[in-house]
Amino acid sequence: MTEQSLPLLERVRSEITRTRLRAAFVVLVLLSAAVVASAAGEGVSTASREGVPNAPQTENHTVVTESGRAGTITAYQPNGEVLYYNNSRTKYFDVDPVEGDPLTVEYAATDTIHTEGENCGAPPCTRNVIERTDLETGEVEVLYERYDYKEYAGEWHDVDRINETHFVVADMVADQVFIVNTETAVVEWLWDAQSDFPLEGGHSWPRDWAHINDVEYIESGQMEGRIMASLRNQDQVVFLDREEGLLEEWTLGSENEYDILHEQHNPDYIPESQGGPAVLVADSENAQIKEFQREDGEWKQTWLWEDDQIQWPRDADRLPNGNTLIADTHGNRVIEVNESGDIVWEVGSSLPYEAERLETGDESEGGQSTQALGLENRTAAETSSGGGGGGGELEFSPFEFLGDFVETILPHRIYNALLFVSPVWMGASEFAAIGVALLTGLSWAGLEIRWQLRDAGVRFRLPVYRQGGN
């Protein structure tokens, strides 16, 4: 049956229906575009010096490193203004103050090499460095470097000074922890994770099997002289003795037991003198900051902090004043929370990796344990209950609802991977808006094709159908 044979009233109704549907599609696309455009105008980008915001005032200097789309290191003065900024490396990772000179720092950094040459036979390759920077003069000195054959999982995420000449290094490339003399460039001790952990565990071997992302040389207490290391892909924090190797009875976490740790970053050891032994750690895929106390030969969780914004944190330091400094990577911020769990200091950052409060000791060195401070847990439900709205009004955003639903059903690793490769301003609501716009566009295009075929007299029938009324 062709268009010409349709009754006039039916054709009019058909056109009205089509017009209404087209109008609805236009409204959905425009609403989605408005959500995305609004977010794009609000996002923070610290990839250049001009985009770095000032921080609130605090008593000491603060250093923040980034290792996402752009590598940066930024130092803030106590008044919140930027003292130092550098983005000359591809990525910057863990940063520590130099003892006796708090405005000089040492850190691990990476350069990606894209051209073939003497030190890179098959690009891309990686140049890993231990670097020292005077934040006041801007003077930079490379203390040790090594060229590695790959870019993906080819970095050193952490180094820790042992003495004047030696550093311990978290070698993600080879799944090793080693001690190097930076004056002679000789590796004097090495532990290979593959000697103690099965290759069937972790992630894909040899591409990114263990992802050793942190090391710490313990300077005091019963673990003095030992090394703590974080095996992200095994969900474990381990302790190493240079004579005995892996101290299995001290291991915190177990592979795939995500209620303990799930792909953690940057654990800090708190010694007995500060209320330990305890470990403060960014439980990244669980989007929480946790602390564990050593009691009767076992690790017991004693503290948890989260709010409704935290997403893939990668560092937490306990400060001497009892507060905790947190690098919230996909929350795009560095925050300081007090003993009550309230945020008392915050600065925006594109994808922060590490935050260090200078003049307070190395990482959590000057901070006390949860047990000593008597801290109480703070959950997302508690932090969101007071949320910044107006007078108890019920607010509902369909895009936010859809985004939260997508975040709930997607595995944490996939969702965090999407955030990592997306623009900094992208979040759950923006993903939902783009998804709605794409589905709307596809539906609209499909209906337009169907209408065009129908107007041309083309009909489609099921390959199997019933004939007659029975």
# chains A, B, ... in the order shown; residues from 1 in each chain; ligands from 1
call {"tool": "residues_around", "arguments": {"residues": "region 24-38 of chain A", "least_positions_apart": "5", "cutoff": "9 Å", "atoms": "only C-alpha atoms", "output": "ChimeraX atom specification"}}
result
/A:19,399,425-426,429-438,440-441,443-444
call {"tool": "residues_around", "arguments": {"residues": "region 115-124 of chain A", "least_positions_apart": "2", "cutoff": "9 Å", "atoms": "only C-alpha atoms", "output": "tab-separated table (two decimals) with N, CA and C atoms, in the first residue's frame"}}
result
chain	number	residue	atom	x	y	z
A	112	THR	N	59.41	9.62	27.71
A	112	THR	CA	59.11	8.68	26.64
A	112	THR	C	59.88	9.08	25.39
A	113	ILE	N	60.60	8.13	24.79
A	113	ILE	CA	61.42	8.39	23.61
A	113	ILE	C	60.72	7.81	22.39
A	126	THR	N	61.77	4.18	27.08
A	126	THR	CA	61.61	4.99	28.29
A	126	THR	C	62.97	5.34	28.89
A	127	ARG	N	63.10	6.57	29.32
A	127	ARG	CA	64.26	7.00	30.10
A	127	ARG	C	63.77	7.29	31.51
A	147	TYR	N	67.90	3.66	30.62
A	147	TYR	CA	67.02	3.56	29.46
A	147	TYR	C	66.40	2.17	29.42
A	148	ASP	N	65.08	2.12	29.18
A	148	ASP	CA	64.37	0.85	29.13
A	148	ASP	C	63.67	0.68	27.79
A	149	TYR	N	63.45	-0.58	27.42
A	149	TYR	CA	63.07	-0.92	26.06
A	149	TYR	C	61.60	-0.70	25.74
A	150	LYS	N	60.75	-0.39	26.73
A	150	LYS	CA	59.33	-0.26	26.45
A	150	LYS	C	58.75	0.97	27.12
A	151	GLU	N	57.58	1.37	26.62
A	151	GLU	CA	56.89	2.53	27.20
A	151	GLU	C	55.83	2.10	28.19
A	152	TYR	N	54.97	1.13	27.81
A	152	TYR	CA	53.89	0.70	28.69
A	152	TYR	C	54.46	-0.05	29.89
call {"tool": "residues_around", "arguments": {"residues": "region 159-164 of chain A", "least_positions_apart": "2", "cutoff": "12 Å", "atoms": "only C-alpha atoms", "output": "compact mmCIF listing (two decimals) with all heavy atoms, in the first residue's frame"}}
result
# COMPACT_ATOMS: atom_id res chain seq x y z
N TYR A 92 55.90 12.52 36.16
CA TYR A 92 56.55 12.66 37.47
C TYR A 92 55.81 11.78 38.46
O TYR A 92 54.57 11.71 38.46
CB TYR A 92 56.51 14.11 37.96
CG TYR A 92 57.37 15.07 37.15
CD1 TYR A 92 56.88 15.65 35.99
CD2 TYR A 92 58.65 15.40 37.57
CE1 TYR A 92 57.66 16.54 35.25
CE2 TYR A 92 59.43 16.29 36.84
CZ TYR A 92 58.93 16.85 35.67
OH TYR A 92 59.69 17.73 34.95
N PHE A 93 56.58 11.13 39.36
CA PHE A 93 55.96 10.19 40.29
C PHE A 93 56.27 10.60 41.74
O PHE A 93 56.09 11.74 42.11
CB PHE A 93 56.42 8.77 39.97
CG PHE A 93 55.95 8.28 38.63
CD1 PHE A 93 56.82 8.25 37.53
CD2 PHE A 93 54.63 7.87 38.44
CE1 PHE A 93 56.38 7.81 36.29
CE2 PHE A 93 54.19 7.43 37.20
CZ PHE A 93 55.06 7.39 36.13
N ASP A 94 56.73 9.67 42.55
CA ASP A 94 56.93 9.92 43.97
C ASP A 94 57.98 10.99 44.21
O ASP A 94 59.03 11.01 43.55
CB ASP A 94 57.33 8.62 44.67
CG ASP A 94 57.30 8.75 46.17
OD1 ASP A 94 56.21 8.53 46.75
OD2 ASP A 94 58.34 9.08 46.77
N VAL A 95 57.72 11.87 45.16
CA VAL A 95 58.64 12.96 45.49
C VAL A 95 58.88 12.98 47.00
O VAL A 95 57.96 12.77 47.79
CB VAL A 95 58.08 14.32 45.01
CG1 VAL A 95 56.71 14.60 45.61
CG2 VAL A 95 59.06 15.45 45.30
N ASP A 96 60.13 13.20 47.40
CA ASP A 96 60.51 13.23 48.81
C ASP A 96 61.39 14.45 49.07
O ASP A 96 62.18 14.86 48.21
CB ASP A 96 61.30 11.98 49.21
CG ASP A 96 60.47 10.71 49.09
OD1 ASP A 96 59.29 10.75 49.46
OD2 ASP A 96 61.01 9.69 48.62
N PRO A 97 61.32 15.02 50.29
CA PRO A 97 62.22 16.13 50.63
C PRO A 97 63.62 15.60 50.92
O PRO A 97 63.80 14.46 51.34
CB PRO A 97 61.57 16.71 51.90
CG PRO A 97 60.88 15.53 52.52
CD PRO A 97 60.39 14.69 51.38
N VAL A 98 64.61 16.45 50.70
CA VAL A 98 65.99 16.12 51.04
C VAL A 98 66.22 16.50 52.49
O VAL A 98 65.93 17.63 52.90
CB VAL A 98 66.98 16.85 50.12
CG1 VAL A 98 68.42 16.65 50.60
CG2 VAL A 98 66.82 16.36 48.68
N GLU A 99 66.70 15.57 53.28
CA GLU A 99 66.91 15.82 54.70
C GLU A 99 67.86 16.99 54.91
O GLU A 99 68.92 17.07 54.30
CB GLU A 99 67.47 14.56 55.38
CG GLU A 99 67.57 14.69 56.88
CD GLU A 99 68.01 13.39 57.54
OE1 GLU A 99 68.23 12.40 56.81
OE2 GLU A 99 68.15 13.38 58.77
N VAL A 105 64.00 18.75 46.68
CA VAL A 105 63.28 17.48 46.65
C VAL A 105 63.96 16.52 45.67
O VAL A 105 64.68 16.94 44.75
CB VAL A 105 61.81 17.68 46.23
CG1 VAL A 105 61.05 18.47 47.27
CG2 VAL A 105 61.70 18.33 44.85
N GLU A 106 63.71 15.24 45.88
CA GLU A 106 64.18 14.19 44.98
C GLU A 106 62.98 13.36 44.56
O GLU A 106 62.08 13.11 45.37
CB GLU A 106 65.23 13.31 45.66
CG GLU A 106 66.50 14.07 45.99
CD GLU A 106 67.46 13.29 46.87
OE1 GLU A 106 67.00 12.39 47.61
OE2 GLU A 106 68.67 13.62 46.85
N TYR A 107 62.98 12.93 43.30
CA TYR A 107 61.80 12.25 42.79
C TYR A 107 62.17 11.32 41.63
O TYR A 107 63.28 11.39 41.07
CB TYR A 107 60.75 13.27 42.31
CG TYR A 107 61.30 14.33 41.39
CD1 TYR A 107 61.46 14.10 40.02
CD2 TYR A 107 61.67 15.58 41.88
CE1 TYR A 107 61.96 15.07 39.19
CE2 TYR A 107 62.19 16.56 41.06
CZ TYR A 107 62.33 16.30 39.71
OH TYR A 107 62.84 17.27 38.87
N ALA A 108 61.22 10.44 41.31
CA ALA A 108 61.34 9.59 40.13
C ALA A 108 60.56 10.24 39.00
O ALA A 108 59.44 10.72 39.20
CB ALA A 108 60.79 8.21 40.43
N ALA A 109 61.15 10.24 37.80
CA ALA A 109 60.49 10.81 36.64
C ALA A 109 60.81 9.98 35.40
O ALA A 109 61.77 9.19 35.40
CB ALA A 109 60.91 12.27 36.43
N ASN A 128 64.22 6.48 32.48
CA ASN A 128 63.86 6.68 33.88
C ASN A 128 64.98 7.39 34.61
O ASN A 128 66.16 7.04 34.43
CB ASN A 128 63.57 5.33 34.54
CG ASN A 128 62.25 4.74 34.10
OD1 ASN A 128 61.21 5.35 34.29
ND2 ASN A 128 62.29 3.56 33.49
N VAL A 129 64.62 8.37 35.44
CA VAL A 129 65.63 9.16 36.13
C VAL A 129 65.29 9.32 37.61
O VAL A 129 64.11 9.31 38.00
CB VAL A 129 65.80 10.57 35.51
CG1 VAL A 129 66.22 10.48 34.06
CG2 VAL A 129 64.52 11.39 35.66
N ILE A 130 66.33 9.41 38.43
CA ILE A 130 66.22 9.93 39.78
C ILE A 130 66.77 11.35 39.73
O ILE A 130 67.91 11.55 39.31
CB ILE A 130 67.02 9.09 40.79
CG1 ILE A 130 66.55 7.63 40.77
CG2 ILE A 130 66.88 9.67 42.20
CD1 ILE A 130 67.39 6.71 41.63
N GLU A 131 65.96 12.30 40.13
CA GLU A 131 66.32 13.70 39.91
C GLU A 131 66.19 14.48 41.21
O GLU A 131 65.33 14.17 42.06
CB GLU A 131 65.38 14.28 38.85
CG GLU A 131 65.93 15.45 38.07
CD GLU A 131 65.19 15.63 36.76
OE1 GLU A 131 63.97 15.84 36.78
OE2 GLU A 131 65.84 15.57 35.71
N ARG A 132 67.05 15.48 41.35
CA ARG A 132 67.00 16.38 42.50
C ARG A 132 66.76 17.80 42.01
O ARG A 132 67.40 18.25 41.05
CB ARG A 132 68.29 16.31 43.30
CG ARG A 132 68.35 17.30 44.47
CD ARG A 132 69.73 17.32 45.10
NE ARG A 132 70.02 16.06 45.77
CZ ARG A 132 71.25 15.64 46.05
NH1 ARG A 132 72.30 16.36 45.68
NH2 ARG A 132 71.43 14.49 46.69
N LEU A 143 70.53 12.39 39.18
CA LEU A 143 71.41 11.61 40.04
C LEU A 143 71.70 10.22 39.46
O LEU A 143 72.77 9.65 39.70
CB LEU A 143 70.78 11.45 41.43
CG LEU A 143 70.44 12.75 42.16
CD1 LEU A 143 69.76 12.45 43.49
CD2 LEU A 143 71.69 13.60 42.37
N TYR A 144 70.73 9.67 38.72
CA TYR A 144 70.89 8.34 38.15
C TYR A 144 69.86 8.18 37.04
O TYR A 144 68.75 8.72 37.13
CB TYR A 144 70.70 7.27 39.22
CG TYR A 144 70.81 5.85 38.73
CD1 TYR A 144 72.04 5.32 38.33
CD2 TYR A 144 69.68 5.03 38.65
CE1 TYR A 144 72.14 4.01 37.89
CE2 TYR A 144 69.78 3.72 38.22
CZ TYR A 144 71.01 3.21 37.84
OH TYR A 144 71.11 1.91 37.38
N GLU A 145 70.21 7.46 35.98
CA GLU A 145 69.27 7.25 34.90
C GLU A 145 69.47 5.88 34.28
O GLU A 145 70.54 5.27 34.36
CB GLU A 145 69.43 8.33 33.82
CG GLU A 145 70.74 8.26 33.07
CD GLU A 145 70.84 9.31 31.97
OE1 GLU A 145 69.92 10.14 31.85
OE2 GLU A 145 71.83 9.29 31.23
N GLU A 155 58.06 2.30 33.72
CA GLU A 155 58.52 3.39 34.57
C GLU A 155 59.00 2.92 35.94
O GLU A 155 58.74 1.79 36.35
CB GLU A 155 57.36 4.39 34.79
CG GLU A 155 56.69 4.89 33.53
CD GLU A 155 55.25 4.39 33.43
OE1 GLU A 155 54.84 3.58 34.29
OE2 GLU A 155 54.56 4.79 32.48
N TRP A 156 59.69 3.81 36.62
CA TRP A 156 59.94 3.69 38.05
C TRP A 156 58.98 4.65 38.75
O TRP A 156 59.09 5.86 38.59
CB TRP A 156 61.37 4.09 38.42
CG TRP A 156 62.45 3.31 37.74
CD1 TRP A 156 62.34 2.09 37.14
CD2 TRP A 156 63.83 3.69 37.63
NE1 TRP A 156 63.55 1.69 36.64
CE2 TRP A 156 64.49 2.66 36.94
CE3 TRP A 156 64.56 4.80 38.04
CZ2 TRP A 156 65.85 2.71 36.64
CZ3 TRP A 156 65.91 4.86 37.75
CH2 TRP A 156 66.55 3.82 37.07
N HIS A 157 58.03 4.10 39.50
CA HIS A 157 57.07 4.97 40.18
C HIS A 157 57.57 5.51 41.50
O HIS A 157 57.00 6.45 42.04
CB HIS A 157 55.75 4.21 40.39
CG HIS A 157 54.87 4.20 39.18
ND1 HIS A 157 53.52 3.96 39.23
CD2 HIS A 157 55.16 4.40 37.87
CE1 HIS A 157 53.00 4.01 38.02
NE2 HIS A 157 53.98 4.27 37.18
N HIS A 166 73.08 5.79 48.19
CA HIS A 166 72.26 4.66 47.77
C HIS A 166 70.76 4.98 47.78
O HIS A 166 70.27 5.64 48.72
CB HIS A 166 72.51 3.45 48.67
CG HIS A 166 73.88 2.84 48.51
ND1 HIS A 166 75.01 3.45 49.00
CD2 HIS A 166 74.28 1.69 47.89
CE1 HIS A 166 76.07 2.70 48.71
NE2 HIS A 166 75.65 1.62 48.04
N PHE A 167 70.09 4.48 46.75
CA PHE A 167 68.64 4.56 46.65
C PHE A 167 68.07 3.16 46.46
O PHE A 167 68.71 2.29 45.83
CB PHE A 167 68.21 5.40 45.43
CG PHE A 167 68.27 6.88 45.62
CD1 PHE A 167 69.46 7.57 45.42
CD2 PHE A 167 67.13 7.59 45.97
CE1 PHE A 167 69.51 8.94 45.56
CE2 PHE A 167 67.18 8.97 46.13
CZ PHE A 167 68.36 9.65 45.93
N VAL A 168 66.86 2.94 46.96
CA VAL A 168 66.11 1.74 46.63
C VAL A 168 65.07 2.15 45.58
O VAL A 168 64.45 3.21 45.68
CB VAL A 168 65.45 1.09 47.87
CG1 VAL A 168 64.52 2.04 48.59
CG2 VAL A 168 64.73 -0.19 47.47
N VAL A 169 64.89 1.31 44.56
CA VAL A 169 64.08 1.66 43.39
C VAL A 169 62.98 0.62 43.16
O VAL A 169 63.23 -0.59 43.23
CB VAL A 169 64.96 1.75 42.12
CG1 VAL A 169 64.12 2.09 40.89
CG2 VAL A 169 66.07 2.79 42.32
N ALA A 170 61.77 1.09 42.88
CA ALA A 170 60.67 0.22 42.46
C ALA A 170 60.73 0.10 40.95
O ALA A 170 60.34 1.03 40.23
CB ALA A 170 59.33 0.81 42.91
N ASP A 171 61.22 -1.03 40.47
CA ASP A 171 61.44 -1.23 39.03
C ASP A 171 60.26 -1.97 38.42
O ASP A 171 60.20 -3.21 38.42
CB ASP A 171 62.74 -2.02 38.82
CG ASP A 171 63.10 -2.18 37.35
OD1 ASP A 171 62.36 -1.64 36.50
OD2 ASP A 171 64.10 -2.85 37.06
N MET A 172 59.31 -1.22 37.88
CA MET A 172 58.14 -1.82 37.27
C MET A 172 58.48 -2.58 36.00
O MET A 172 57.80 -3.54 35.63
CB MET A 172 57.12 -0.72 36.96
CG MET A 172 55.76 -1.21 36.52
SD MET A 172 54.68 0.16 36.10
CE MET A 172 54.63 1.02 37.67
N VAL A 177 62.79 -5.01 42.82
CA VAL A 177 63.20 -3.93 43.72
C VAL A 177 64.72 -4.02 43.82
O VAL A 177 65.26 -5.10 44.08
CB VAL A 177 62.57 -4.10 45.12
CG1 VAL A 177 63.12 -3.06 46.08
CG2 VAL A 177 61.05 -3.99 45.03
N PHE A 178 65.42 -2.91 43.56
CA PHE A 178 66.87 -2.97 43.63
C PHE A 178 67.44 -1.76 44.36
O PHE A 178 66.79 -0.71 44.47
CB PHE A 178 67.50 -3.11 42.24
CG PHE A 178 67.33 -1.91 41.32
CD1 PHE A 178 68.20 -0.83 41.38
CD2 PHE A 178 66.31 -1.89 40.37
CE1 PHE A 178 68.08 0.25 40.52
CE2 PHE A 178 66.17 -0.81 39.51
CZ PHE A 178 67.05 0.26 39.58
N ILE A 179 68.67 -1.94 44.88
CA ILE A 179 69.40 -0.86 45.53
C ILE A 179 70.58 -0.51 44.64
O ILE A 179 71.36 -1.39 44.25
CB ILE A 179 69.88 -1.28 46.93
CG1 ILE A 179 68.68 -1.48 47.85
CG2 ILE A 179 70.81 -0.21 47.52
CD1 ILE A 179 69.05 -2.01 49.23
N VAL A 180 70.70 0.78 44.32
CA VAL A 180 71.76 1.23 43.43
C VAL A 180 72.62 2.27 44.13
O VAL A 180 72.13 3.11 44.88
CB VAL A 180 71.17 1.81 42.12
CG1 VAL A 180 70.30 3.04 42.39
CG2 VAL A 180 72.28 2.14 41.12
N ASN A 181 73.93 2.19 43.88
CA ASN A 181 74.87 3.22 44.30
C ASN A 181 74.90 4.25 43.18
O ASN A 181 75.38 3.97 42.08
CB ASN A 181 76.25 2.61 44.53
CG ASN A 181 77.26 3.61 45.05
OD1 ASN A 181 77.23 4.79 44.70
ND2 ASN A 181 78.18 3.15 45.89
N THR A 182 74.38 5.44 43.44
CA THR A 182 74.27 6.43 42.37
C THR A 182 75.62 7.05 42.00
O THR A 182 75.72 7.69 40.95
CB THR A 182 73.29 7.55 42.77
OG1 THR A 182 73.73 8.15 44.00
CG2 THR A 182 71.90 7.01 42.95
N GLU A 183 76.65 6.86 42.81
CA GLU A 183 77.97 7.37 42.45
C GLU A 183 78.69 6.43 41.49
O GLU A 183 79.41 6.86 40.60
CB GLU A 183 78.82 7.59 43.71
CG GLU A 183 78.34 8.75 44.57
CD GLU A 183 79.31 9.06 45.70
OE1 GLU A 183 80.26 8.26 45.91
OE2 GLU A 183 79.13 10.08 46.37
N ILE A 212 54.99 -2.94 40.31
CA ILE A 212 55.54 -2.50 41.60
C ILE A 212 55.58 -0.97 41.60
O ILE A 212 56.34 -0.36 40.85
CB ILE A 212 56.95 -3.08 41.83
CG1 ILE A 212 56.89 -4.61 41.82
CG2 ILE A 212 57.52 -2.59 43.16
CD1 ILE A 212 58.24 -5.28 41.95
N ASN A 213 54.73 -0.35 42.42
CA ASN A 213 54.57 1.10 42.32
C ASN A 213 55.05 1.88 43.54
O ASN A 213 54.88 3.10 43.58
CB ASN A 213 53.11 1.45 42.02
CG ASN A 213 52.14 0.96 43.08
OD1 ASN A 213 52.52 0.71 44.22
ND2 ASN A 213 50.87 0.81 42.71
N ASP A 214 55.66 1.18 44.52
CA ASP A 214 56.12 1.93 45.69
C ASP A 214 57.17 1.13 46.44
O ASP A 214 57.09 -0.11 46.53
CB ASP A 214 54.96 2.24 46.63
CG ASP A 214 55.36 3.21 47.74
OD1 ASP A 214 55.42 4.42 47.47
OD2 ASP A 214 55.64 2.74 48.86
N VAL A 215 58.18 1.83 46.98
CA VAL A 215 59.15 1.23 47.89
C VAL A 215 59.41 2.21 49.03
O VAL A 215 59.32 3.42 48.85
CB VAL A 215 60.51 0.90 47.20
CG1 VAL A 215 60.36 -0.29 46.27
CG2 VAL A 215 61.07 2.11 46.48
N GLU A 216 59.72 1.66 50.19
CA GLU A 216 60.07 2.52 51.33
C GLU A 216 61.11 1.81 52.17
O GLU A 216 60.92 0.65 52.57
CB GLU A 216 58.84 2.83 52.18
CG GLU A 216 59.16 3.73 53.37
CD GLU A 216 57.93 4.10 54.18
OE1 GLU A 216 56.81 4.04 53.64
OE2 GLU A 216 58.09 4.44 55.37
N TYR A 217 62.21 2.50 52.42
CA TYR A 217 63.25 2.00 53.32
C TYR A 217 62.87 2.38 54.73
O TYR A 217 62.67 3.56 55.05
CB TYR A 217 64.61 2.60 52.94
CG TYR A 217 65.73 2.15 53.84
CD1 TYR A 217 66.29 0.88 53.68
CD2 TYR A 217 66.24 2.99 54.83
CE1 TYR A 217 67.32 0.46 54.51
CE2 TYR A 217 67.27 2.58 55.65
CZ TYR A 217 67.81 1.31 55.49
OH TYR A 217 68.83 0.89 56.31
N ILE A 218 62.70 1.38 55.61
CA ILE A 218 62.25 1.61 56.98
C ILE A 218 63.45 1.92 57.87
O ILE A 218 64.39 1.13 57.94
CB ILE A 218 61.47 0.38 57.50
CG1 ILE A 218 60.27 0.12 56.59
CG2 ILE A 218 61.02 0.60 58.94
CD1 ILE A 218 59.54 -1.16 56.90
N GLU A 219 63.40 3.06 58.53
CA GLU A 219 64.57 3.57 59.23
C GLU A 219 64.57 3.29 60.72
O GLU A 219 65.60 3.48 61.37
CB GLU A 219 64.70 5.07 58.99
CG GLU A 219 64.94 5.43 57.52
CD GLU A 219 65.19 6.91 57.34
OE1 GLU A 219 65.01 7.67 58.31
OE2 GLU A 219 65.58 7.31 56.23
N GLU A 224 63.50 -2.00 61.15
CA GLU A 224 64.59 -1.14 60.70
C GLU A 224 65.49 -1.87 59.70
O GLU A 224 65.89 -3.01 59.91
CB GLU A 224 65.42 -0.67 61.88
CG GLU A 224 66.57 0.25 61.51
CD GLU A 224 67.37 0.72 62.70
OE1 GLU A 224 66.95 0.41 63.85
OE2 GLU A 224 68.40 1.40 62.50
N GLY A 225 65.79 -1.19 58.60
CA GLY A 225 66.66 -1.75 57.57
C GLY A 225 65.94 -2.60 56.55
O GLY A 225 66.52 -2.98 55.53
N ARG A 226 64.65 -2.90 56.80
CA ARG A 226 63.86 -3.65 55.82
C ARG A 226 63.26 -2.70 54.79
O ARG A 226 63.29 -1.48 54.93
CB ARG A 226 62.74 -4.42 56.52
CG ARG A 226 63.11 -5.82 57.04
CD ARG A 226 64.16 -5.83 58.12
NE ARG A 226 64.43 -7.19 58.61
CZ ARG A 226 63.81 -7.77 59.63
NH1 ARG A 226 62.87 -7.10 60.28
NH2 ARG A 226 64.14 -9.01 60.01
N ILE A 227 62.70 -3.29 53.75
CA ILE A 227 62.11 -2.51 52.66
C ILE A 227 60.66 -2.93 52.49
O ILE A 227 60.35 -4.13 52.43
CB ILE A 227 62.89 -2.74 51.35
CG1 ILE A 227 64.32 -2.20 51.48
CG2 ILE A 227 62.17 -2.07 50.17
CD1 ILE A 227 65.24 -2.67 50.38
N MET A 228 59.77 -1.96 52.45
CA MET A 228 58.37 -2.22 52.15
C MET A 228 58.11 -1.91 50.69
O MET A 228 58.59 -0.88 50.17
CB MET A 228 57.46 -1.36 53.04
CG MET A 228 55.97 -1.61 52.82
SD MET A 228 54.94 -0.61 53.95
CE MET A 228 55.24 1.05 53.29
N ALA A 229 57.39 -2.77 49.98
CA ALA A 229 57.11 -2.56 48.56
C ALA A 229 55.65 -2.87 48.27
O ALA A 229 55.02 -3.71 48.93
CB ALA A 229 58.01 -3.45 47.69
N ASN A 266 51.15 3.60 46.94
CA ASN A 266 51.87 4.44 47.91
C ASN A 266 51.58 4.14 49.39
O ASN A 266 51.20 5.03 50.15
CB ASN A 266 51.57 5.92 47.64
CG ASN A 266 52.42 6.47 46.51
OD1 ASN A 266 53.57 6.07 46.33
ND2 ASN A 266 51.86 7.38 45.74
N ASP A 268 52.42 3.88 53.23
CA ASP A 268 53.38 4.52 54.13
C ASP A 268 53.47 3.71 55.41
O ASP A 268 52.44 3.37 56.01
CB ASP A 268 52.94 5.95 54.46
CG ASP A 268 53.27 6.93 53.36
OD1 ASP A 268 53.87 6.52 52.35
OD2 ASP A 268 52.88 8.11 53.50
N ASP A 362 59.58 13.04 55.73
CA ASP A 362 59.33 12.28 54.52
C ASP A 362 58.01 11.52 54.63
O ASP A 362 57.84 10.69 55.52
CB ASP A 362 60.49 11.31 54.29
CG ASP A 362 60.35 10.52 53.01
OD1 ASP A 362 59.42 10.79 52.24
OD2 ASP A 362 61.19 9.62 52.78
N GLU A 363 57.07 11.81 53.76
CA GLU A 363 55.77 11.13 53.70
C GLU A 363 55.10 11.14 55.08
O GLU A 363 54.84 12.19 55.62
CB GLU A 363 55.95 9.73 53.11
CG GLU A 363 56.44 9.78 51.67
CD GLU A 363 56.68 8.44 51.03
OE1 GLU A 363 56.92 7.46 51.74
OE2 GLU A 363 56.61 8.36 49.78
call {"tool": "closest_residue", "arguments": {"among": "A:Gly71, A:Pro271, A:Gly80, A:Gly457", "to": "Ala55 (chain A)", "atoms": "only C-alpha atoms"}}
result
A:Gly80
call {"tool": "closest_residue", "arguments": {"among": "A:Glu248, A:Glu339, A:Asp328, A:Glu291", "to": "Ser369 (chain A)", "atoms": "only C-alpha atoms"}}
result
A:Glu291
call {"tool": "closest_residue", "arguments": {"among": "A:Glu448, A:Glu382, A:Glu354, A:Asp208", "to": "Ala75 (chain A)", "atoms": "only C-alpha atoms"}}
result
A:Glu354
call {"tool": "atom_distance", "arguments": {"atom1": "CA of Glu359 (chain A)", "atom2": "CA of Thr58 (chain A)"}}
result
11.9 Å
call {"tool": "residues_around", "arguments": {"residues": "region 192-198 of chain A", "least_positions_apart": "6", "cutoff": "9 Å", "atoms": "only C-alpha atoms", "output": "compact mmCIF listing (two decimals) with N, CA, C and O atoms, in the first residue's frame"}}
result
# COMPACT_ATOMS: atom_id res chain seq x y z
N ALA A 174 61.04 -4.57 35.22
CA ALA A 174 61.53 -5.95 35.41
C ALA A 174 60.89 -6.65 36.59
O ALA A 174 61.31 -7.75 36.95
N ASP A 175 59.86 -6.04 37.21
CA ASP A 175 59.20 -6.62 38.38
C ASP A 175 60.21 -6.86 39.51
O ASP A 175 60.21 -7.91 40.16
N GLN A 176 61.05 -5.84 39.75
CA GLN A 176 62.12 -5.99 40.73
C GLN A 176 62.18 -4.79 41.68
O GLN A 176 61.68 -3.70 41.36
N VAL A 177 62.79 -5.01 42.82
CA VAL A 177 63.20 -3.93 43.72
C VAL A 177 64.72 -4.02 43.82
O VAL A 177 65.26 -5.10 44.08
N PHE A 178 65.42 -2.91 43.56
CA PHE A 178 66.87 -2.97 43.63
C PHE A 178 67.44 -1.76 44.36
O PHE A 178 66.79 -0.71 44.47
N ALA A 210 53.44 -7.35 37.68
CA ALA A 210 53.34 -7.00 39.11
C ALA A 210 53.01 -5.53 39.34
O ALA A 210 52.33 -5.18 40.29
N ILE A 212 54.99 -2.94 40.31
CA ILE A 212 55.54 -2.50 41.60
C ILE A 212 55.58 -0.97 41.60
O ILE A 212 56.34 -0.36 40.85
N LEU A 231 53.06 -4.29 45.53
CA LEU A 231 52.80 -5.02 44.29
C LEU A 231 51.33 -4.78 43.93
O LEU A 231 50.43 -5.47 44.42
N GLN A 234 49.12 -7.64 42.44
CA GLN A 234 48.89 -8.76 43.35
C GLN A 234 48.07 -8.33 44.58
O GLN A 234 47.84 -9.14 45.47
N LEU A 246 61.78 -12.23 50.97
CA LEU A 246 60.40 -11.92 51.29
C LEU A 246 60.04 -12.43 52.69
O LEU A 246 60.22 -13.60 53.01
call {"tool": "residues_around", "arguments": {"residues": "Thr324 (chain A)", "least_positions_apart": "3", "cutoff": "9 Å", "atoms": "only C-alpha atoms", "output": "JSON, numbers by chain"}}
result
{"A": [316, 317, 318, 319, 321, 335, 336, 337, 338, 339, 341, 364, 367]}
call {"tool": "select_by_dssp", "arguments": {"residues": "region 349-451 of chain A", "states": "strand (DSSP E)", "output": "list in words"}}
result
Pro352, Tyr353, Glu354, Ala355, Glu356 and Arg357 of chain A
call {"tool": "closest_residue", "arguments": {"among": "A:Trp312, A:Phe239, A:Trp209, A:Tyr85", "to": "Ala417 (chain A)", "atoms": "only C-alpha atoms"}}
result
A:Trp312
